[in-house]
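Heads up: the structure comes next, in structure tokens.
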Amino acid sequence: MVCYDALAVRVHRRLVSRLVLVALLASTVSSAVAGGVAEDAPARRLRVGLVLSGGGARGAAHIGVLKVLEELHVPVDAIAGTSMGAVVGSLYASGMSADEVASVIGSIDWQDAFRDRPPRTALNFRRKQDDQEFLVRAPLGLRGGHLRLPRGLIQGQKLNQMLRTGLLPVAEVTDFDRLPIRFRAVATDLSTGEAVVFRSGSLATAVRASMAAPGVFAPVEVDGRQLVDGGLTDNLPVDLVKQMDVDVVIVVDVSSPLRPANELDSALSVSNQMVSILMNRDSLRSRALLGPRDVMIVPSLGELSSVDFGRVQDAIAAGATAARGAGAALSAFAAEPADYAKFAARRPGATAPPTIDFVRVAPGSGDYHKYIEAALASVVGQPATAAAIGPATEALYGRDLFESLDYDLVRDGDRRGLEVSARRRSWGPTYLRFALDLQDDFQGGNSYTAGVRFVVTEVNPYMAEWNVDLKVGERPEFAAEFHQPLGYASPWFVAPRFKFDSRSVQVRDADRLVAEYRVRETVLGVDFGRELGNWGEARVGVQRLGGSTRLHVGVPGVDQPDATSFHQGGLYARLSIDRLDSVNFPRHGDSFVMQWDGQRLGLGADRDADTARFDWLLARSHERDTLVFRLSGGSTLTSTAGVQNYFPLGGFLNLSGVPAGALSGPHFGIARLVWLHRLGHGGTALFDVPTYAGVSAEVGNVWQRRADISFGSARKDESAFLGLDTPLGPLYVGVGYDRLGSTSYYLSLGRTF
């Protein structure tokens with residue numbers, strides 16, 4: 001009994017001591033909760049999510065906000081962006097600093113980015129030749145007997161390549177949670193109207209889809225879905241960023257405000273207002289999700305429009321001002337200097353780019369595999385940099401075969417390569433180009449020529465094509481050429497061709513019209529040639545030519561027969577160079593054409609004869625001023641020549657004081673010096689029509705004998721004009737004066753240079 005009592009006492013003491021220990025621990029925990037975290041326990045930093053709305057050019061304000069966040073040492077842990085917000089957000093999430101993002105956005109020629117074609121200097125030489133005569137800029141296709149238009153005003157190729165270039169350092173990152181900053185982009189499924197959130201895949205493609213404004217940009221196809229601008233469904237993705245493990249949210253809203261009733265004066269302004277109403281209504285719902293610690297920033301952008309990319313710096317400044325106005329709230333999210341340094345260190349440093357070991361074509365890219373692999377073979381063995389990839393893909397796109405041409409860096413074991421995705425133009429593969437040439441001298445003399453070129457591409461796997469031209473008016477013409485490359489992307493080609501045309505040739509004695517002939521010609525030939533990069537072409541060939549001349553004005557006589565026929569056959573050679581940035585109003589570059597025709601009795605000609613001609617143009621510019629020098633000449637290298645071999649002169653910038661075609665002869669030469677000054681602010685709007693004021697000085701003439709050619713016998717002319725670079729071609733209003741006393745006036749639509 002005693003033993004049992006002693007044991008009970010010992011057990012009781014141990015139980016009491018343990019209860020006391022538990023009580024002490026509970027008291028300590030309670031004190032910590034009541035009095036805050038113990039001084040030696042570090043507080044966890046608040047994780048910051050950033051929401052960047054869409055807004056076009058207004059979205060540059062996001063950069064100003066990022067600059068202030070860096071100044072305040074506020075780290076960003078996650079970004080969700082829409083449209084332009086996705087552009088800025090993706091660049092920042094890739095590891096760029098705010099200043100680097102500003103440099104990228106500020107260096108983009110946005111007016112050029114909203115055009116699909118590469119710069120003319122990067123176009124395939126055959127596409128440059130289309131520009132020489134068929135100037136109307138209207139993309140139109142023919143398929144199944146129906147005319148087809150592109151799915152958007154802009155296909156977005158240039159913009160896509162700019163994104164590829166800027167995001168190339170993270171091109172191999174396909175999980176957006178593995179970027180230096182976690183990232184999401186929002187697009188809209190055009191078929192269902194649902195929001196599509198990009199969490200993985202190609203970062204550049206995700207951003208491009210997020211800003212594909214419907215009707216302006218063509219939809220972006222991803223996994224069989226047609227995607228357009230995310231602003232239609234979630235322009236302010238607050239709920240999305242709240243799902244990305246953040247504690248607080250900073251929202252930057254640059255949406256366009258609603259316009260007052262007195263500014264809704266067109267169908268375009270009304271449609272834009274409808275879109276703004278929908279987007280603003282969605283933004284209000286998103287703002288309602290913000291908590292008391294979240295920060296809302298609305299930069300004061302005034303009348304800055306969504307397309308005013310010429311004011312990027314103004315938008316950046318407005319964003320910075322708005323962020324500084326919220327500085328007190330933002331400072332609460334600042335990290336300690338050491339912690340912020342760790343955050344900044346997550347940005348990738350400069351590393352050597354991988355080498356491209358192979359090129360392959362992605363599934364779903366049609367039958368272009370061998371063609372693309374041959375065209376891009378030059379990049380194999382090169383570093384995966386924009387300098388190596390950009391020119392090669394731009395040159396391939398410049399062949400005008402594809403609606404879109406894109407690439408990704410991929411791995412195949414230890415090898416890195418380029419996977420290329422190509423999509424045929426939705427309005428091809430047969431395309432139409434148009435020509436329109438109108439002339440009026442305000443004195444009753446006028447003429448017109450209208451034409452269409454059918455370009456039938458992808459005739460076979462080597463990308464052969466047919467060009468068929470039809471013109472009506474002052475100089476009717478029917479022509480066809482079949483261009484057959486001798487291999488995949490080969491510069492060598494063979495080109496059978498046919499041409500029929502009719503034109504007028506005037507014969508004058510001094511300035512008195514003696515006769516006017518109507519000349520008709522039919523040509524059949526075969527050429528063999530080589531493309532010289534994308535800047536030139538050399539070809540030689542054999543041809544047969546037959547035709548007739550009929551007296552149209554004048555009295556028949558010994559020297560002026562009523563009608564004659566002629567036959568010409570022989571060899572032909574031509575060297576063409578074209579490095580001009582524009583054929584309408586060139587500012588930089590040069591062009592050169594030299595052609596020789598050798599008629600031979602043994603090849604069907606009426607007699608042996610040689611004809612040669614050349615044309616050289618050089619353009620140089622400084623700021624708004626351009627000087628164009630052009631030198632042309634030609635000669636029939638025989639003692640006699642029929643009127644079918646005469647060279648015409650006269651007309652605007654071809655001795656401007658002389659009526660068009662008023663001079664003709666077997667020998668000619670002319671030099672022109674033209675000064676152009678671009679009027680206005682230089683054009684930052686999307687639909688700018690460049691306008692120029694200009695003057696010219698011209699020296700030249702035609703001669704019946706080579707012995708008569710001299711500077712003293714040349715005519716001296718001047719002109720002054722106003723020119724507009726319209727979608728239908730260059731439009732001029734001008735006056736020309738000839739030193740012999742004649743004056744000509746011009747209203748001209750069509751090619752002059």
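Chain labels follow the order of the structure tokens: the first chain is A, the next B, and so on; residue numbering restarts at 1 in every chain, and ligands are counted from 1 in their shown order.
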For this session: Once DSSP has gone over the backbone, tell me which residues of stretch 82-284 of chain A are in strand (DSSP E), as a PyMOL selection string.
Result: chain A and resi 82+136-143+146-148+182-189+195-198+220-222+225-229+248-252
List the neighbours of A:Trp616 out to 10 Å using only C-alpha atoms; skip same-chain residues closer than 5 positions along the sequence, and give me the result as a PDB file with N, CA, C and O atoms, in the first residue's frame.
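Written file, result.pdb:
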```pdb
ATOM      1  N   ILE A 577      19.465  45.733-112.642  1.00  0.00           N
ATOM      2  CA  ILE A 577      19.795  45.916-111.226  1.00  0.00           C
ATOM      3  C   ILE A 577      18.744  46.827-110.619  1.00  0.00           C
ATOM      4  O   ILE A 577      18.380  47.849-111.216  1.00  0.00           O
ATOM      5  N   ASP A 578      18.243  46.467-109.458  1.00  0.00           N
ATOM      6  CA  ASP A 578      17.218  47.273-108.798  1.00  0.00           C
ATOM      7  C   ASP A 578      17.449  47.229-107.294  1.00  0.00           C
ATOM      8  O   ASP A 578      17.189  46.222-106.643  1.00  0.00           O
ATOM      9  N   ASP A 590      19.620  52.609-106.147  1.00  0.00           N
ATOM     10  CA  ASP A 590      19.904  52.833-107.553  1.00  0.00           C
ATOM     11  C   ASP A 590      19.267  51.720-108.380  1.00  0.00           C
ATOM     12  O   ASP A 590      18.921  50.654-107.863  1.00  0.00           O
ATOM     13  N   SER A 591      19.117  51.995-109.664  1.00  0.00           N
ATOM     14  CA  SER A 591      18.654  50.980-110.606  1.00  0.00           C
ATOM     15  C   SER A 591      19.418  51.156-111.911  1.00  0.00           C
ATOM     16  O   SER A 591      19.855  52.262-112.251  1.00  0.00           O
ATOM     17  N   PHE A 592      19.579  50.057-112.618  1.00  0.00           N
ATOM     18  CA  PHE A 592      20.332  50.091-113.877  1.00  0.00           C
ATOM     19  C   PHE A 592      19.809  48.991-114.791  1.00  0.00           C
ATOM     20  O   PHE A 592      19.593  47.858-114.346  1.00  0.00           O
ATOM     21  N   VAL A 593      19.566  49.335-116.052  1.00  0.00           N
ATOM     22  CA  VAL A 593      19.151  48.360-117.064  1.00  0.00           C
ATOM     23  C   VAL A 593      19.961  48.617-118.323  1.00  0.00           C
ATOM     24  O   VAL A 593      20.038  49.759-118.801  1.00  0.00           O
ATOM     25  N   MET A 594      20.581  47.568-118.845  1.00  0.00           N
ATOM     26  CA  MET A 594      21.254  47.645-120.143  1.00  0.00           C
ATOM     27  C   MET A 594      20.759  46.484-120.991  1.00  0.00           C
ATOM     28  O   MET A 594      20.753  45.336-120.542  1.00  0.00           O
ATOM     29  N   PHE A 629      19.131  61.500-109.683  1.00  0.00           N
ATOM     30  CA  PHE A 629      19.801  61.702-110.969  1.00  0.00           C
ATOM     31  C   PHE A 629      19.481  60.509-111.859  1.00  0.00           C
ATOM     32  O   PHE A 629      19.607  59.349-111.437  1.00  0.00           O
ATOM     33  N   ARG A 630      19.060  60.792-113.094  1.00  0.00           N
ATOM     34  CA  ARG A 630      18.707  59.722-114.021  1.00  0.00           C
ATOM     35  C   ARG A 630      19.315  60.016-115.390  1.00  0.00           C
ATOM     36  O   ARG A 630      19.200  61.124-115.911  1.00  0.00           O
ATOM     37  N   LEU A 631      19.944  58.995-115.950  1.00  0.00           N
ATOM     38  CA  LEU A 631      20.603  59.113-117.247  1.00  0.00           C
ATOM     39  C   LEU A 631      20.130  57.965-118.126  1.00  0.00           C
ATOM     40  O   LEU A 631      20.206  56.794-117.729  1.00  0.00           O
ATOM     41  N   SER A 632      19.635  58.294-119.331  1.00  0.00           N
ATOM     42  CA  SER A 632      19.114  57.283-120.246  1.00  0.00           C
ATOM     43  C   SER A 632      19.639  57.552-121.649  1.00  0.00           C
ATOM     44  O   SER A 632      19.864  58.705-122.037  1.00  0.00           O
ATOM     45  N   GLY A 633      19.811  56.473-122.414  1.00  0.00           N
ATOM     46  CA  GLY A 633      20.249  56.627-123.796  1.00  0.00           C
ATOM     47  C   GLY A 633      20.016  55.363-124.585  1.00  0.00           C
ATOM     48  O   GLY A 633      19.832  54.280-124.027  1.00  0.00           O
ATOM     49  N   ALA A 671      19.434  63.398-119.665  1.00  0.00           N
ATOM     50  CA  ALA A 671      19.860  63.415-118.262  1.00  0.00           C
ATOM     51  C   ALA A 671      18.898  64.285-117.482  1.00  0.00           C
ATOM     52  O   ALA A 671      18.462  65.340-117.974  1.00  0.00           O
TER      53      ALA A 671
END
```
Which residues come within 6 Å of stretch 439-441 of chain A, counting only C-alpha atoms, excluding same-chain residues fewer than 4 positions away, as a PDB file with all heavy atoms, in the first residue's frame?
```pdb
ATOM      1  N   GLY A 445      -5.492  67.254-124.853  1.00  0.00           N
ATOM      2  CA  GLY A 445      -4.769  66.003-125.074  1.00  0.00           C
ATOM      3  C   GLY A 445      -4.782  65.141-123.825  1.00  0.00           C
ATOM      4  O   GLY A 445      -4.403  65.595-122.749  1.00  0.00           O
ATOM      5  N   ASN A 446      -5.261  63.930-123.941  1.00  0.00           N
ATOM      6  CA  ASN A 446      -5.267  63.027-122.799  1.00  0.00           C
ATOM      7  C   ASN A 446      -5.150  61.596-123.291  1.00  0.00           C
ATOM      8  O   ASN A 446      -5.428  61.288-124.455  1.00  0.00           O
ATOM      9  CB  ASN A 446      -6.525  63.207-121.948  1.00  0.00           C
ATOM     10  CG  ASN A 446      -7.801  63.063-122.766  1.00  0.00           C
ATOM     11  OD1 ASN A 446      -8.139  61.968-123.207  1.00  0.00           O
ATOM     12  ND2 ASN A 446      -8.504  64.177-122.980  1.00  0.00           N
ATOM     13  N   SER A 447      -4.709  60.726-122.405  1.00  0.00           N
ATOM     14  CA  SER A 447      -4.560  59.317-122.747  1.00  0.00           C
ATOM     15  C   SER A 447      -4.683  58.500-121.469  1.00  0.00           C
ATOM     16  O   SER A 447      -4.558  59.024-120.363  1.00  0.00           O
ATOM     17  CB  SER A 447      -3.206  59.048-123.406  1.00  0.00           C
ATOM     18  OG  SER A 447      -2.148  59.316-122.500  1.00  0.00           O
ATOM     19  N   TYR A 745       1.537  71.429-119.490  1.00  0.00           N
ATOM     20  CA  TYR A 745       0.940  71.239-118.172  1.00  0.00           C
ATOM     21  C   TYR A 745       0.561  69.774-118.017  1.00  0.00           C
ATOM     22  O   TYR A 745       0.205  69.092-118.989  1.00  0.00           O
ATOM     23  CB  TYR A 745      -0.289  72.138-118.012  1.00  0.00           C
ATOM     24  CG  TYR A 745       0.041  73.604-118.131  1.00  0.00           C
ATOM     25  CD1 TYR A 745      -0.029  74.248-119.368  1.00  0.00           C
ATOM     26  CD2 TYR A 745       0.433  74.346-117.015  1.00  0.00           C
ATOM     27  CE1 TYR A 745       0.281  75.599-119.489  1.00  0.00           C
ATOM     28  CE2 TYR A 745       0.742  75.694-117.127  1.00  0.00           C
ATOM     29  CZ  TYR A 745       0.675  76.311-118.363  1.00  0.00           C
ATOM     30  OH  TYR A 745       0.993  77.645-118.479  1.00  0.00           O
ATOM     31  N   TYR A 746       0.601  69.305-116.766  1.00  0.00           N
ATOM     32  CA  TYR A 746       0.412  67.873-116.550  1.00  0.00           C
ATOM     33  C   TYR A 746      -0.495  67.586-115.357  1.00  0.00           C
ATOM     34  O   TYR A 746      -0.377  68.211-114.296  1.00  0.00           O
ATOM     35  CB  TYR A 746       1.756  67.174-116.284  1.00  0.00           C
ATOM     36  CG  TYR A 746       2.712  67.247-117.442  1.00  0.00           C
ATOM     37  CD1 TYR A 746       3.707  68.224-117.479  1.00  0.00           C
ATOM     38  CD2 TYR A 746       2.610  66.364-118.506  1.00  0.00           C
ATOM     39  CE1 TYR A 746       4.579  68.301-118.544  1.00  0.00           C
ATOM     40  CE2 TYR A 746       3.479  66.441-119.577  1.00  0.00           C
ATOM     41  CZ  TYR A 746       4.462  67.404-119.599  1.00  0.00           C
ATOM     42  OH  TYR A 746       5.319  67.483-120.662  1.00  0.00           O
ATOM     43  N   LEU A 747      -1.400  66.671-115.574  1.00  0.00           N
ATOM     44  CA  LEU A 747      -2.065  65.942-114.505  1.00  0.00           C
ATOM     45  C   LEU A 747      -1.795  64.484-114.825  1.00  0.00           C
ATOM     46  O   LEU A 747      -2.275  63.956-115.837  1.00  0.00           O
ATOM     47  CB  LEU A 747      -3.566  66.216-114.475  1.00  0.00           C
ATOM     48  CG  LEU A 747      -4.370  65.369-113.473  1.00  0.00           C
ATOM     49  CD1 LEU A 747      -3.910  65.628-112.051  1.00  0.00           C
ATOM     50  CD2 LEU A 747      -5.859  65.624-113.611  1.00  0.00           C
ATOM     51  N   SER A 748      -0.980  63.834-114.012  1.00  0.00           N
ATOM     52  CA  SER A 748      -0.454  62.515-114.363  1.00  0.00           C
ATOM     53  C   SER A 748      -0.630  61.545-113.202  1.00  0.00           C
ATOM     54  O   SER A 748      -0.333  61.875-112.055  1.00  0.00           O
ATOM     55  CB  SER A 748       1.036  62.635-114.725  1.00  0.00           C
ATOM     56  OG  SER A 748       1.624  61.366-114.865  1.00  0.00           O
TER      57      SER A 748
END
```
Exercise. Using only C-alpha atoms, which residues sit within 7 Å of A:Lys471 once same-chain residues fewer than 3 positions away are excluded, as a VMD selection string?
Worked result: chain A and resid 449 to 452 476 to 478
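Each of A:Asp527, A:Asp77, A:Glu194, A:Asp367 was checked against A:Ile181 using only C-alpha atoms; the smallest atom-to-atom distance is that of A:Asp77.
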Exercise. Where in stretch 557-649 of chain A does DSSP assign helix (DSSP H, G or I), given as a PyMOL selection string?
Worked result: chain A and resi 601-603+643-645
For this session: Please provide as a ChimeraX atom specification all residues within 6 Å of stretch 123-135 of chain A, with the sequence filter that same-chain residues fewer than 5 positions apart are discarded (counting only C-alpha atoms).
Result: /A:398-399,433-435,534-535,729
Would you export the selected residues with N, CA, C and O atoms as a PDB file, in the first residue's frame, please?
```pdb
ATOM      1  N   GLY A 398      10.173  37.587 -98.688  1.00  0.00           N
ATOM      2  CA  GLY A 398      10.137  38.547 -99.780  1.00  0.00           C
ATOM      3  C   GLY A 398       9.810  37.943-101.133  1.00  0.00           C
ATOM      4  O   GLY A 398       9.574  38.673-102.092  1.00  0.00           O
ATOM      5  N   ARG A 399       9.753  36.614-101.231  1.00  0.00           N
ATOM      6  CA  ARG A 399       9.331  35.963-102.475  1.00  0.00           C
ATOM      7  C   ARG A 399       7.823  36.031-102.670  1.00  0.00           C
ATOM      8  O   ARG A 399       7.297  35.619-103.691  1.00  0.00           O
ATOM      9  N   ARG A 433      -2.332  41.984-109.963  1.00  0.00           N
ATOM     10  CA  ARG A 433      -1.726  43.304-109.789  1.00  0.00           C
ATOM     11  C   ARG A 433      -2.303  44.219-110.858  1.00  0.00           C
ATOM     12  O   ARG A 433      -2.525  43.795-111.992  1.00  0.00           O
ATOM     13  N   PHE A 434      -2.529  45.484-110.510  1.00  0.00           N
ATOM     14  CA  PHE A 434      -3.198  46.394-111.426  1.00  0.00           C
ATOM     15  C   PHE A 434      -2.293  47.576-111.776  1.00  0.00           C
ATOM     16  O   PHE A 434      -1.437  47.989-110.989  1.00  0.00           O
ATOM     17  N   ALA A 435      -2.524  48.099-112.981  1.00  0.00           N
ATOM     18  CA  ALA A 435      -1.799  49.279-113.443  1.00  0.00           C
ATOM     19  C   ALA A 435      -2.814  50.296-113.948  1.00  0.00           C
ATOM     20  O   ALA A 435      -3.826  49.934-114.562  1.00  0.00           O
ATOM     21  N   ASN A 534      18.801  39.252-104.547  1.00  0.00           N
ATOM     22  CA  ASN A 534      17.473  39.832-104.743  1.00  0.00           C
ATOM     23  C   ASN A 534      17.562  41.208-105.388  1.00  0.00           C
ATOM     24  O   ASN A 534      16.568  41.924-105.460  1.00  0.00           O
ATOM     25  N   TRP A 535      18.744  41.571-105.883  1.00  0.00           N
ATOM     26  CA  TRP A 535      18.940  42.913-106.396  1.00  0.00           C
ATOM     27  C   TRP A 535      19.148  42.980-107.904  1.00  0.00           C
ATOM     28  O   TRP A 535      19.208  44.080-108.473  1.00  0.00           O
ATOM     29  N   GLY A 729      -0.859  54.725-107.202  1.00  0.00           N
ATOM     30  CA  GLY A 729       0.363  55.097-107.894  1.00  0.00           C
ATOM     31  C   GLY A 729       0.667  56.560-107.671  1.00  0.00           C
ATOM     32  O   GLY A 729      -0.125  57.295-107.065  1.00  0.00           O
TER      33      GLY A 729
END
```
Exercise. Hey, what's within 9 Å of A:Ser719 if we count only C-alpha atoms and toss same-chain stuff fewer than 6 positions away? As number ranges by chain, please?
Worked result: A: 652-653, 655-657, 694-698, 734-738
Contact residues around A:Ala318 with only C-alpha atoms at 7 Å, ignoring same-chain residues under 5 positions, as a compact mmCIF listing (two decimals) with all heavy atoms, in the first residue's frame:
```
# COMPACT_ATOMS: atom_id res chain seq x y z
N ALA A 61 2.82 53.64 -72.11
CA ALA A 61 2.82 54.18 -70.74
C ALA A 61 3.21 53.10 -69.73
O ALA A 61 3.72 53.42 -68.64
CB ALA A 61 1.44 54.74 -70.41
N PRO A 299 -2.76 56.25 -66.27
CA PRO A 299 -1.99 57.38 -66.80
C PRO A 299 -2.88 58.38 -67.53
O PRO A 299 -3.85 58.00 -68.19
CB PRO A 299 -1.00 56.72 -67.77
CG PRO A 299 -0.90 55.30 -67.29
CD PRO A 299 -2.26 54.96 -66.77
N SER A 300 -2.56 59.65 -67.38
CA SER A 300 -3.29 60.71 -68.06
C SER A 300 -2.70 60.88 -69.46
O SER A 300 -1.67 61.53 -69.64
CB SER A 300 -3.19 62.01 -67.26
OG SER A 300 -3.86 63.05 -67.93
N LEU A 301 -3.38 60.28 -70.46
CA LEU A 301 -2.85 60.26 -71.83
C LEU A 301 -3.59 61.21 -72.76
O LEU A 301 -3.27 61.28 -73.95
CB LEU A 301 -2.91 58.83 -72.38
CG LEU A 301 -2.01 57.84 -71.64
CD1 LEU A 301 -2.36 56.41 -72.01
CD2 LEU A 301 -0.55 58.12 -71.94
```
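In terms of minimum interatomic distance to A:Leu289, A:Val251 ranks closest within A:Arg672, A:Val251, A:Arg148, A:Leu401, counting only C-alpha atoms.
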For this session: Grab the atom CA of A:Tyr692 to atom CA of A:Gly680 distance for me, in Å with one decimal place.
Result: 8.9 Å
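Nearest-residue note for A:Asp229: choosing from A:Leu673, A:Met162, A:Ala86, A:Ala352, the minimum distance belongs to A:Ala86, counting only C-alpha atoms.
With only C-alpha atoms as the basis for measurement, A:Val455 is the residue among A:Leu405, A:Val455, A:Ala563, A:Val254 that approaches A:Pro429 most closely.
The space between atom CA of A:Ser283 and atom CA of A:Val252 spans 11.0 Å.
Each of A:Leu627, A:Ala323, A:Ala619, A:Leu168 was compared to A:Val674 using only C-alpha atoms, and A:Leu627 turns out to be the nearest.
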Write out, as a Markdown table, each residue of stretch 527-599 of chain A that has an atom at most 7 Å from stretch 484-494 of chain A, together with the closest pair of atoms and their distance in Å to one decimal, counting only C-alpha atoms, rows going by chain and rising number.
```
| residue | atom | partner | partner_atom | distance |
| --- | --- | --- | --- | --- |
| A:Asp527 | CA | A:Val494 | CA | 5.7 |
| A:Phe528 | CA | A:Val494 | CA | 4.5 |
| A:Gly529 | CA | A:Phe493 | CA | 5.5 |
| A:Arg530 | CA | A:Trp492 | CA | 4.4 |
| A:Glu531 | CA | A:Pro491 | CA | 4.9 |
```
Next, dump the selected residues to file, keeping only N, CA, C and O atoms, as a PDB file, in the first residue's frame.
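Heads up, here's the output in result_6.pdb:
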```pdb
ATOM      1  N   ASP A 527      14.362  32.697-122.882  1.00  0.00           N
ATOM      2  CA  ASP A 527      15.515  33.269-122.184  1.00  0.00           C
ATOM      3  C   ASP A 527      16.080  32.262-121.191  1.00  0.00           C
ATOM      4  O   ASP A 527      15.356  31.428-120.635  1.00  0.00           O
ATOM      5  N   PHE A 528      17.364  32.385-120.972  1.00  0.00           N
ATOM      6  CA  PHE A 528      18.056  31.637-119.927  1.00  0.00           C
ATOM      7  C   PHE A 528      18.762  32.667-119.065  1.00  0.00           C
ATOM      8  O   PHE A 528      19.416  33.591-119.585  1.00  0.00           O
ATOM      9  N   GLY A 529      18.617  32.547-117.733  1.00  0.00           N
ATOM     10  CA  GLY A 529      19.187  33.599-116.910  1.00  0.00           C
ATOM     11  C   GLY A 529      19.496  33.167-115.499  1.00  0.00           C
ATOM     12  O   GLY A 529      19.308  32.010-115.103  1.00  0.00           O
ATOM     13  N   ARG A 530      19.963  34.148-114.730  1.00  0.00           N
ATOM     14  CA  ARG A 530      20.326  33.928-113.335  1.00  0.00           C
ATOM     15  C   ARG A 530      19.937  35.141-112.514  1.00  0.00           C
ATOM     16  O   ARG A 530      20.207  36.287-112.899  1.00  0.00           O
ATOM     17  N   GLU A 531      19.272  34.886-111.372  1.00  0.00           N
ATOM     18  CA  GLU A 531      19.007  35.955-110.425  1.00  0.00           C
ATOM     19  C   GLU A 531      20.289  36.288-109.676  1.00  0.00           C
ATOM     20  O   GLU A 531      21.021  35.387-109.247  1.00  0.00           O
TER      21      GLU A 531
END
```
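Closest to A:Ala138 among A:Leu409, A:Leu728, A:Val68, A:Leu418 is A:Leu728, based on only C-alpha atoms.
Atom pair atom CA of A:Ala375 / atom CA of A:Ala392: separated by 7.9 Å.
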